[in-house]
Amino acid sequence: MPISTLIQRTLFIAVGAPLIVFSPSDVVQAAAIDFTAVDPKRDFTNELSWTLGFTFRTNQEITVTHLGFYDDRKDGLTEAHSVKLLDAADQVLGDEVDQILVEGTVRPTDPLISWFRYTQVTPTVLAAGRTFRIVAITGSERYTWNPVGFVVDPAITFLGDTFQPITSPLSQPELQPATPLAFTSGGVTGWFGPNFQFEVTPIPTPALLPGLIGMGMAVWRKRQQVGE
């Protein structure tokens, strides 16, 4: 058998069985946003409950696994917080409200990662190229804005802050998909408030090819030796 044909068959077998190539360890878990520090002048509460958060667009398909809430002193929250991820309105013809996709309650002693405590939720797939909102009910907890060293994972695009006055149904514990979060502060880098973690499965890259070609060469040499 010509060597080119043998290599082609080897590549076909390997590429045609991606589950053999990838393992669960290849799945990457990340936080949507993060920051390095908080300006004390922007770590605030007025003792009123708000629904605060941010809007983002997915650059690729992701799977949301955890919802989080900001812990300013990293020493435990003062109360539990309802966090909800919503599919932004008007993306589908006739869509006039934000639909809740997944929700969870972050409790005072939930695991702390960076500035946020997280609770695990039902894995929820967000399609690429769509706009979403994540919101949280603050209660009397402190929140922040324009944090220092703000970074966004490349799997999403941060679009801006979003908030709702206390008089809105979205500021109540029985939060329902009733009205879109239409308010934005303009120029404010989010209200935190909420965050989320997600998983992404890497796409196969040409980096696999040298190993596959080497495997094909080894098989070819073995057959040549047998033939002799």
# chains A, B, ... in the order shown; residues from 1 in each chain; ligands from 1

call {"tool": "select_by_dssp", "arguments": {"residues": "range 25-159 of chain A", "states": "strand (DSSP E)", "output": "VMD selection string"}}
result
chain A and resid 28 to 31 33 to 34 43 to 44 51 to 58 62 to 70 81 to 87 99 to 106 112 to 113 116 to 126 131 to 137 143 to 145 151 to 152 156 to 159

call {"tool": "write_last_selection", "arguments": {"atoms": "C-alpha atoms", "output": "short mmCIF file (atom, residue, chain, number, x, y, z; two decimals), in the first residue's frame"}}
result
data_model
loop_
_atom_site.label_atom_id
_atom_site.label_comp_id
_atom_site.auth_asym_id
_atom_site.auth_seq_id
_atom_site.Cartn_x
_atom_site.Cartn_y
_atom_site.Cartn_z
CA VAL A 28 -11.90 24.58 29.98
CA GLN A 29 -13.78 26.28 32.84
CA ALA A 30 -13.63 30.05 33.19
CA ALA A 31 -15.34 33.05 34.78
CA ILE A 33 -15.38 38.55 34.11
CA ASP A 34 -12.84 39.24 36.82
CA ASP A 43 -17.66 49.56 47.23
CA PHE A 44 -21.08 50.74 48.29
CA THR A 51 -31.37 44.31 40.59
CA LEU A 52 -27.90 44.87 39.13
CA GLY A 53 -25.82 43.16 36.48
CA PHE A 54 -24.47 43.34 32.96
CA THR A 55 -25.27 42.45 29.36
CA PHE A 56 -23.01 40.33 27.17
CA ARG A 57 -22.85 38.57 23.80
CA THR A 58 -21.49 35.06 23.29
CA ILE A 62 -20.62 27.99 26.09
CA THR A 63 -22.19 25.98 28.91
CA VAL A 64 -23.00 27.90 32.10
CA THR A 65 -22.30 25.80 35.21
CA HIS A 66 -22.25 28.27 38.15
CA LEU A 67 -23.79 31.60 39.10
CA GLY A 68 -21.95 33.96 41.42
CA PHE A 69 -22.25 37.06 43.61
CA TYR A 70 -19.64 39.63 44.67
CA HIS A 81 -28.72 36.40 46.79
CA SER A 82 -30.91 35.42 43.87
CA VAL A 83 -28.97 35.40 40.57
CA LYS A 84 -30.60 34.89 37.19
CA LEU A 85 -29.36 34.54 33.62
CA LEU A 86 -31.77 35.87 31.01
CA ASP A 87 -32.09 35.61 27.25
CA GLN A 99 -36.77 34.94 29.45
CA ILE A 100 -35.09 33.32 32.46
CA LEU A 101 -32.73 30.57 31.29
CA VAL A 102 -31.22 29.49 34.60
CA GLU A 103 -31.30 30.77 38.17
CA GLY A 104 -29.71 30.01 41.51
CA THR A 105 -29.24 31.29 45.05
CA VAL A 106 -25.75 32.22 46.18
CA LEU A 112 -15.13 31.81 46.91
CA ILE A 113 -13.18 32.23 43.66
CA PHE A 116 -17.20 36.01 43.80
CA ARG A 117 -18.98 33.22 45.65
CA TYR A 118 -20.54 30.64 43.35
CA THR A 119 -23.39 28.17 43.43
CA GLN A 120 -23.68 25.28 40.99
CA VAL A 121 -26.68 25.32 38.65
CA THR A 122 -28.14 23.06 35.98
CA PRO A 123 -25.69 23.17 33.01
CA THR A 124 -27.20 25.58 30.49
CA VAL A 125 -25.96 25.95 26.90
CA LEU A 126 -25.79 29.48 25.46
CA THR A 131 -27.18 38.55 23.71
CA PHE A 132 -27.84 37.72 27.37
CA ARG A 133 -28.17 39.46 30.72
CA ILE A 134 -27.09 38.33 34.16
CA VAL A 135 -28.74 40.03 37.13
CA ALA A 136 -28.67 39.68 40.90
CA ILE A 137 -30.77 41.02 43.76
CA TYR A 143 -21.76 46.14 45.31
CA THR A 144 -19.11 47.72 43.10
CA TRP A 145 -18.59 49.26 39.65
CA VAL A 151 -10.91 41.56 32.31
CA VAL A 152 -13.44 39.67 30.17
CA ILE A 156 -17.94 36.56 25.46
CA THR A 157 -18.13 40.27 24.67
CA PHE A 158 -19.05 42.58 27.56
CA LEU A 159 -21.71 45.02 26.31
#

call {"tool": "closest_residue", "arguments": {"among": "A:Asp39, A:Asp98, A:Asp161, A:Glu199", "to": "Asp72 in chain A", "atoms": "only C-alpha atoms"}}
result
A:Asp39

call {"tool": "residues_around", "arguments": {"residues": "Ala32 in chain A", "least_positions_apart": "4", "cutoff": "7 Å", "atoms": "only C-alpha atoms", "output": "ChimeraX atom specification"}}
result
/A:152-153,195-197

call {"tool": "write_last_selection", "arguments": {"atoms": "C-alpha atoms", "output": "short mmCIF file (atom, residue, chain, number, x, y, z; two decimals), in the first residue's frame"}}
result
data_model
loop_
_atom_site.label_atom_id
_atom_site.label_comp_id
_atom_site.auth_asym_id
_atom_site.auth_seq_id
_atom_site.Cartn_x
_atom_site.Cartn_y
_atom_site.Cartn_z
CA VAL A 152 -13.44 39.67 30.17
CA ASP A 153 -13.07 36.09 28.96
CA ASN A 195 -20.95 36.78 37.65
CA PHE A 196 -20.99 33.29 36.16
CA GLN A 197 -18.69 30.41 35.33
#

call {"tool": "residues_around", "arguments": {"residues": "Val188 in chain A", "least_positions_apart": "4", "cutoff": "10 Å", "atoms": "only C-alpha atoms", "output": "JSON, numbers by chain"}}
result
{"A": [145, 146, 147, 160, 161, 162, 184]}
